file input_33.cif (mmCIF, C-alpha atoms)
data_structure
loop_
_atom_site.label_atom_id
_atom_site.label_comp_id
_atom_site.auth_asym_id
_atom_site.auth_seq_id
_atom_site.Cartn_x
_atom_site.Cartn_y
_atom_site.Cartn_z
CA MET A 272 83.13 105.58 124.10
CA ILE A 273 85.70 105.42 121.31
CA LYS A 274 85.29 108.03 118.57
CA VAL A 275 85.67 107.27 114.87
CA LEU A 276 86.05 109.92 112.16
CA VAL A 277 83.66 108.99 109.32
CA SER A 278 83.34 110.41 105.83
CA ALA A 279 80.18 112.53 106.09
CA CYS A 280 78.76 111.06 102.88
CA LEU A 281 78.74 107.61 104.51
CA MET A 282 76.50 109.08 107.22
CA GLY A 283 73.98 110.30 104.64
CA GLU A 284 75.19 113.88 104.22
CA LYS A 285 74.90 115.03 100.61
CA VAL A 286 78.47 116.30 100.29
CA ARG A 287 79.88 114.20 97.45
CA TYR A 288 81.11 115.90 94.29
CA ASP A 289 77.80 115.05 92.57
CA GLY A 290 75.65 116.33 95.44
CA ASN A 291 74.74 112.84 96.62
CA ASP A 292 75.65 110.64 99.57
CA LEU A 293 76.75 107.04 100.11
CA ARG A 294 74.65 106.36 103.22
CA GLN A 295 75.62 103.02 104.73
CA THR A 296 72.77 100.87 105.97
CA HIS A 297 74.33 97.41 106.16
CA LYS A 298 74.40 95.48 109.43
CA ALA A 299 78.09 96.03 110.17
CA PHE A 300 77.68 99.81 109.87
CA THR A 301 74.64 99.75 112.14
CA THR A 302 76.71 97.77 114.66
CA LEU A 303 79.47 100.38 114.40
CA GLU A 304 76.97 103.15 115.15
CA GLY A 305 76.17 101.37 118.43
CA LYS A 306 79.80 100.69 119.41
CA ALA A 307 81.46 104.04 118.71
CA GLN A 308 80.70 107.73 118.60
CA LEU A 309 80.84 108.58 114.91
CA VAL A 310 82.21 112.01 113.97
CA PRO A 311 81.09 112.92 110.43
CA PHE A 312 83.51 114.98 108.37
CA CYS A 313 83.98 115.84 104.69
CA PRO A 314 87.52 117.04 103.98
CA GLU A 315 86.63 118.42 100.56
CA VAL A 316 83.85 120.63 101.90
CA ALA A 317 85.99 121.56 104.93
CA GLY A 318 88.72 122.58 102.49
CA GLY A 319 86.37 125.06 100.85
CA LEU A 320 84.98 123.14 97.88
CA SER A 321 81.30 123.46 97.00
CA THR A 322 78.68 120.76 96.63
CA PRO A 323 78.21 119.81 93.89
CA ARG A 324 81.67 120.32 92.39
CA PRO A 325 83.58 119.01 89.38
CA PRO A 326 85.11 115.56 89.93
CA ALA A 327 88.81 115.58 90.78
CA GLU A 328 91.63 113.06 90.67
CA ILE A 329 95.24 112.99 91.81
CA ASP A 330 97.46 113.36 88.75
CA LEU A 331 100.02 110.87 90.08
CA ALA A 332 97.32 108.71 91.68
CA ASN A 333 98.67 108.85 95.21
CA GLY A 334 97.96 111.08 98.20
CA GLU A 335 101.55 110.68 99.40
CA SER A 336 102.78 112.27 96.17
CA VAL A 337 100.65 115.32 96.94
CA TRP A 338 102.20 115.72 100.40
CA ALA A 339 105.67 115.25 98.88
CA GLY A 340 104.98 118.14 96.51
CA ALA A 341 105.16 115.91 93.44
CA GLY A 342 101.44 115.37 92.80
CA LYS A 343 98.44 117.61 92.37
CA VAL A 344 94.69 117.20 92.63
CA ILE A 345 93.12 118.34 89.39
CA ALA A 346 89.41 118.82 88.64
CA THR A 347 87.88 117.79 85.31
CA THR A 348 87.78 121.51 84.49
CA GLY A 349 91.58 121.58 84.66
CA SER A 350 91.57 123.58 87.90
CA ASP A 351 94.24 122.74 90.47
CA VAL A 352 92.32 122.03 93.69
CA THR A 353 95.31 120.66 95.62
CA ASP A 354 95.25 123.43 98.23
CA ALA A 355 91.59 122.75 99.10
CA PHE A 356 92.25 119.01 99.44
CA CYS A 357 95.27 119.63 101.65
CA GLU A 358 93.41 122.15 103.80
CA GLY A 359 90.54 119.71 104.34
CA ALA A 360 93.01 116.93 105.23
CA LYS A 361 94.72 119.18 107.79
CA LYS A 362 91.35 119.97 109.34
CA ALA A 363 90.51 116.25 109.54
CA LEU A 364 93.81 115.59 111.31
CA ALA A 365 93.21 118.49 113.70
CA ILE A 366 89.81 117.08 114.69
CA CYS A 367 91.36 113.66 115.27
CA GLN A 368 94.12 115.13 117.41
CA GLN A 369 91.78 117.40 119.40
CA GLN A 370 89.29 114.61 120.09
CA GLY A 371 91.69 111.71 120.56
CA ILE A 372 90.39 109.90 117.47
CA ARG A 373 92.59 106.97 116.42
CA PHE A 374 90.34 105.39 113.77
CA ALA A 375 88.71 106.65 110.59
CA LEU A 376 86.17 105.15 108.20
CA MET A 377 86.58 106.81 104.82
CA THR A 378 85.02 106.55 101.36
CA GLU A 379 86.93 104.24 99.04
CA SER A 380 88.11 105.59 95.66
CA SER A 381 87.85 109.23 96.72
CA PRO A 382 90.87 111.49 96.02
CA SER A 383 90.56 112.60 99.65
CA CYS A 384 89.39 109.51 101.47
CA GLY A 385 90.38 106.48 99.39
CA SER A 386 92.25 103.99 101.55
CA SER A 387 93.38 101.33 99.07
CA LEU A 388 91.99 102.36 95.67
CA ILE A 389 91.73 105.73 93.94
CA TYR A 390 91.20 106.81 90.36
CA ASN A 391 94.36 106.93 88.25
CA GLY A 392 94.35 110.68 87.55
CA LYS A 393 93.47 110.34 83.87
CA PHE A 394 89.66 110.65 84.20
CA ASN A 395 89.16 107.38 82.34
CA GLY A 396 87.34 105.52 85.12
CA GLN A 397 90.30 103.30 85.95
CA LYS A 398 91.19 102.68 89.60
CA VAL A 399 94.65 101.90 90.90
CA SER A 400 96.16 101.03 94.25
CA GLY A 401 96.68 104.17 96.27
CA GLU A 402 95.29 106.40 98.95
CA GLY A 403 93.71 109.82 99.01
CA VAL A 404 95.17 113.03 100.38
CA THR A 405 93.35 112.90 103.73
CA THR A 406 93.98 109.19 104.24
CA ALA A 407 97.71 109.66 103.56
CA LEU A 408 97.94 112.43 106.17
CA LEU A 409 95.91 110.55 108.77
CA ARG A 410 97.99 107.40 108.36
CA LYS A 411 101.23 109.38 108.49
CA ASN A 412 100.05 110.57 111.91
CA GLY A 413 99.16 107.13 113.28
CA ILE A 414 95.42 107.05 112.59
CA ALA A 415 94.14 103.72 111.28
CA VAL A 416 91.99 104.25 108.18
CA PHE A 417 89.40 101.78 106.90
CA SER A 418 87.02 101.98 103.94
CA GLN A 419 83.26 101.42 104.01
CA ASN A 420 84.06 97.93 102.71
CA GLU A 421 86.12 97.15 105.82
CA VAL A 422 83.68 97.91 108.63
CA ASP A 423 84.08 94.40 110.07
CA ALA A 424 87.85 94.93 110.29
CA LEU A 425 87.28 98.29 111.98
CA LEU A 426 84.91 96.68 114.49
CA HIS A 427 87.57 94.08 115.23
CA ALA A 428 90.19 96.80 115.75
CA LEU A 429 87.86 98.68 118.10
CA LYS A 430 87.25 95.51 120.09
CA ASP A 431 90.99 95.12 120.57
CA CYS A 432 91.18 98.65 122.02
CA GLN A 433 88.51 98.29 124.68
#

call {"tool": "encode", "arguments": {"input": "input_33.cif", "output": "structure tokens"}}
result
Amino acid sequence: MIKVLVSACLMGEKVRYDGNDLRQTHKAFTTLEGKAQLVPFCPEVAGGLSTPRPPAEIDLANGESVWAGAGKVIATTGSDVTDAFCEGAKKALAICQQQGIRFALMTESSPSCGSSLIYNGKFNGQKVSGEGVTTALLRKNGIAVFSQNEVDALLHALKDCQ
């Protein structure tokens, strides 16, 4: 059975910055649970951050900028949490490589997991096109990343692999 790395909060684990989850219960997600072995993972917790924790955003609003050394992940407290985000991303990649995972379903808008939208780094609630730190690393290494809003597309991609 194909394995899919999934943001742990989408599986109901209370690991989000605010101590909550984003448990997915829609039909497409239920179908995914029957078609693939889901591997829950939270890069922020794996990187050493607590739950709950202060919200964080990428100052240049792009995970690629973090890997290039130009951007940082900053918490609302002003703390630089870039190292924790990068460590969690590296651990996510290691799991994918160890387990032969080629697909990931990640939480949209997250500074770790966002796949097409993330917050702009100004803590004003505005989203911009971009990807999170973990998503950028996974994609750089050939792993297809989808958001919880793209489960149908992920199911289609899995069908093409079987």

call {"tool": "closest_residue", "arguments": {"input": "input_33.cif", "among": "A:Ser400, A:Thr405, A:Thr347, A:Thr378", "to": "Val277 in chain A", "atoms": "all atoms listed in the file"}}
result
A:Thr378

call {"tool": "closest_atom_pairs", "arguments": {"input": "input_33.cif", "of": "range 339-423 of chain A", "to": "range 289-308 of chain A", "cutoff": "8 Å", "atoms": "all atoms listed in the file", "output": "Markdown table"}}
result
| residue | atom | partner | partner_atom | distance |
| --- | --- | --- | --- | --- |
| A:Gln419 | CA | A:Gln295 | CA | 7.8 |
| A:Val422 | CA | A:Ala299 | CA | 6.1 |
| A:Asp423 | CA | A:Ala299 | CA | 6.2 |

call {"tool": "resolve_selection", "arguments": {"input": "input_33.cif", "expression": "the PyMOL selection byres ((chain A and resi 430) around 12)", "output": "JSON, numbers by chain"}}
result
{"A": [272, 273, 303, 306, 307, 423, 424, 425, 426, 427, 428, 429, 431, 432, 433]}

call {"tool": "atom_distance", "arguments": {"input": "input_33.cif", "atom1": "CA of Arg287 in chain A", "atom2": "CA of Phe374 in chain A"}}
result
21.3 Å

call {"tool": "resolve_selection", "arguments": {"input": "input_33.cif", "expression": "the PyMOL selection byres ((chain A and resi 319) around 10)", "output": "NGL selection string"}}
result
:A and (314-318 or 320-322 or 352 or 354-356 or 358-359)

call {"tool": "build_atoms", "arguments": {"input": "input_33.cif", "residues": "range 321-352 of chain A", "atoms": "N, CA and C atoms", "output": "PDB file, in the coordinates of the input"}}
result
ATOM      1  N   SER A 321      82.765 123.417  96.967  1.00  0.00           N
ATOM      2  CA  SER A 321      81.300 123.460  97.000  1.00  0.00           C
ATOM      3  C   SER A 321      80.722 122.075  96.719  1.00  0.00           C
ATOM      4  N   THR A 322      79.437 121.959  96.978  1.00  0.00           N
ATOM      5  CA  THR A 322      78.680 120.760  96.630  1.00  0.00           C
ATOM      6  C   THR A 322      77.481 121.230  95.811  1.00  0.00           C
ATOM      7  N   PRO A 323      77.299 120.725  94.591  1.00  0.00           N
ATOM      8  CA  PRO A 323      78.210 119.810  93.890  1.00  0.00           C
ATOM      9  C   PRO A 323      79.452 120.552  93.412  1.00  0.00           C
ATOM     10  N   ARG A 324      80.421 119.773  92.898  1.00  0.00           N
ATOM     11  CA  ARG A 324      81.670 120.320  92.390  1.00  0.00           C
ATOM     12  C   ARG A 324      82.176 119.393  91.277  1.00  0.00           C
ATOM     13  N   PRO A 325      83.043 119.877  90.426  1.00  0.00           N
ATOM     14  CA  PRO A 325      83.580 119.010  89.380  1.00  0.00           C
ATOM     15  C   PRO A 325      84.380 117.851  90.010  1.00  0.00           C
ATOM     16  N   PRO A 326      84.294 116.658  89.430  1.00  0.00           N
ATOM     17  CA  PRO A 326      85.110 115.560  89.930  1.00  0.00           C
ATOM     18  C   PRO A 326      86.592 115.921  89.865  1.00  0.00           C
ATOM     19  N   ALA A 327      87.373 115.324  90.752  1.00  0.00           N
ATOM     20  CA  ALA A 327      88.810 115.580  90.780  1.00  0.00           C
ATOM     21  C   ALA A 327      89.548 114.260  90.984  1.00  0.00           C
ATOM     22  N   GLU A 328      90.775 114.229  90.497  1.00  0.00           N
ATOM     23  CA  GLU A 328      91.630 113.060  90.670  1.00  0.00           C
ATOM     24  C   GLU A 328      93.057 113.541  90.932  1.00  0.00           C
ATOM     25  N   ILE A 329      93.840 112.679  91.553  1.00  0.00           N
ATOM     26  CA  ILE A 329      95.240 112.990  91.810  1.00  0.00           C
ATOM     27  C   ILE A 329      96.030 112.632  90.559  1.00  0.00           C
ATOM     28  N   ASP A 330      96.792 113.589  90.029  1.00  0.00           N
ATOM     29  CA  ASP A 330      97.460 113.360  88.750  1.00  0.00           C
ATOM     30  C   ASP A 330      98.482 112.232  88.797  1.00  0.00           C
ATOM     31  N   LEU A 331      99.066 111.977  89.945  1.00  0.00           N
ATOM     32  CA  LEU A 331     100.020 110.870  90.080  1.00  0.00           C
ATOM     33  C   LEU A 331      99.400 109.711  90.855  1.00  0.00           C
ATOM     34  N   ALA A 332      98.083 109.778  91.054  1.00  0.00           N
ATOM     35  CA  ALA A 332      97.320 108.710  91.680  1.00  0.00           C
ATOM     36  C   ALA A 332      97.859 108.258  93.025  1.00  0.00           C
ATOM     37  N   ASN A 333      98.211 109.215  93.880  1.00  0.00           N
ATOM     38  CA  ASN A 333      98.670 108.850  95.210  1.00  0.00           C
ATOM     39  C   ASN A 333      98.688 110.077  96.119  1.00  0.00           C
ATOM     40  N   GLY A 334      97.987 109.975  97.250  1.00  0.00           N
ATOM     41  CA  GLY A 334      97.960 111.080  98.200  1.00  0.00           C
ATOM     42  C   GLY A 334      99.336 111.418  98.750  1.00  0.00           C
ATOM     43  N   GLU A 335     100.187 110.413  98.909  1.00  0.00           N
ATOM     44  CA  GLU A 335     101.550 110.680  99.400  1.00  0.00           C
ATOM     45  C   GLU A 335     102.315 111.580  98.451  1.00  0.00           C
ATOM     46  N   SER A 336     102.081 111.427  97.146  1.00  0.00           N
ATOM     47  CA  SER A 336     102.780 112.270  96.170  1.00  0.00           C
ATOM     48  C   SER A 336     102.362 113.729  96.319  1.00  0.00           C
ATOM     49  N   VAL A 337     101.120 113.948  96.718  1.00  0.00           N
ATOM     50  CA  VAL A 337     100.650 115.320  96.940  1.00  0.00           C
ATOM     51  C   VAL A 337     101.395 115.937  98.114  1.00  0.00           C
ATOM     52  N   TRP A 338     101.501 115.201  99.222  1.00  0.00           N
ATOM     53  CA  TRP A 338     102.200 115.720 100.400  1.00  0.00           C
ATOM     54  C   TRP A 338     103.692 115.901 100.144  1.00  0.00           C
ATOM     55  N   ALA A 339     104.258 115.118  99.225  1.00  0.00           N
ATOM     56  CA  ALA A 339     105.670 115.250  98.880  1.00  0.00           C
ATOM     57  C   ALA A 339     105.919 116.397  97.903  1.00  0.00           C
ATOM     58  N   GLY A 340     104.838 117.032  97.439  1.00  0.00           N
ATOM     59  CA  GLY A 340     104.980 118.140  96.510  1.00  0.00           C
ATOM     60  C   GLY A 340     105.122 117.712  95.062  1.00  0.00           C
ATOM     61  N   ALA A 341     104.992 116.417  94.795  1.00  0.00           N
ATOM     62  CA  ALA A 341     105.160 115.910  93.440  1.00  0.00           C
ATOM     63  C   ALA A 341     103.838 115.743  92.697  1.00  0.00           C
ATOM     64  N   GLY A 342     102.736 115.587  93.426  1.00  0.00           N
ATOM     65  CA  GLY A 342     101.440 115.370  92.800  1.00  0.00           C
ATOM     66  C   GLY A 342     100.491 116.528  93.056  1.00  0.00           C
ATOM     67  N   LYS A 343      99.463 116.584  92.234  1.00  0.00           N
ATOM     68  CA  LYS A 343      98.440 117.610  92.370  1.00  0.00           C
ATOM     69  C   LYS A 343      97.075 116.968  92.237  1.00  0.00           C
ATOM     70  N   VAL A 344      96.073 117.623  92.813  1.00  0.00           N
ATOM     71  CA  VAL A 344      94.690 117.200  92.630  1.00  0.00           C
ATOM     72  C   VAL A 344      94.083 118.145  91.602  1.00  0.00           C
ATOM     73  N   ILE A 345      93.624 117.547  90.513  1.00  0.00           N
ATOM     74  CA  ILE A 345      93.120 118.340  89.390  1.00  0.00           C
ATOM     75  C   ILE A 345      91.658 117.986  89.141  1.00  0.00           C
ATOM     76  N   ALA A 346      90.830 119.014  88.963  1.00  0.00           N
ATOM     77  CA  ALA A 346      89.410 118.820  88.640  1.00  0.00           C
ATOM     78  C   ALA A 346      89.265 118.584  87.136  1.00  0.00           C
ATOM     79  N   THR A 347      88.127 118.033  86.742  1.00  0.00           N
ATOM     80  CA  THR A 347      87.880 117.790  85.310  1.00  0.00           C
ATOM     81  C   THR A 347      87.899 119.085  84.502  1.00  0.00           C
ATOM     82  N   THR A 348      87.724 120.207  85.163  1.00  0.00           N
ATOM     83  CA  THR A 348      87.780 121.510  84.490  1.00  0.00           C
ATOM     84  C   THR A 348      89.210 121.944  84.212  1.00  0.00           C
ATOM     85  N   GLY A 349      90.171 121.210  84.784  1.00  0.00           N
ATOM     86  CA  GLY A 349      91.580 121.580  84.660  1.00  0.00           C
ATOM     87  C   GLY A 349      92.078 122.407  85.835  1.00  0.00           C
ATOM     88  N   SER A 350      91.183 122.778  86.735  1.00  0.00           N
ATOM     89  CA  SER A 350      91.570 123.580  87.900  1.00  0.00           C
ATOM     90  C   SER A 350      92.396 122.746  88.879  1.00  0.00           C
ATOM     91  N   ASP A 351      93.423 123.362  89.431  1.00  0.00           N
ATOM     92  CA  ASP A 351      94.240 122.740  90.470  1.00  0.00           C
ATOM     93  C   ASP A 351      93.541 122.979  91.803  1.00  0.00           C
ATOM     94  N   VAL A 352      93.037 121.918  92.419  1.00  0.00           N
ATOM     95  CA  VAL A 352      92.320 122.030  93.690  1.00  0.00           C
ATOM     96  C   VAL A 352      93.126 121.414  94.844  1.00  0.00           C
TER      97      VAL A 352
END
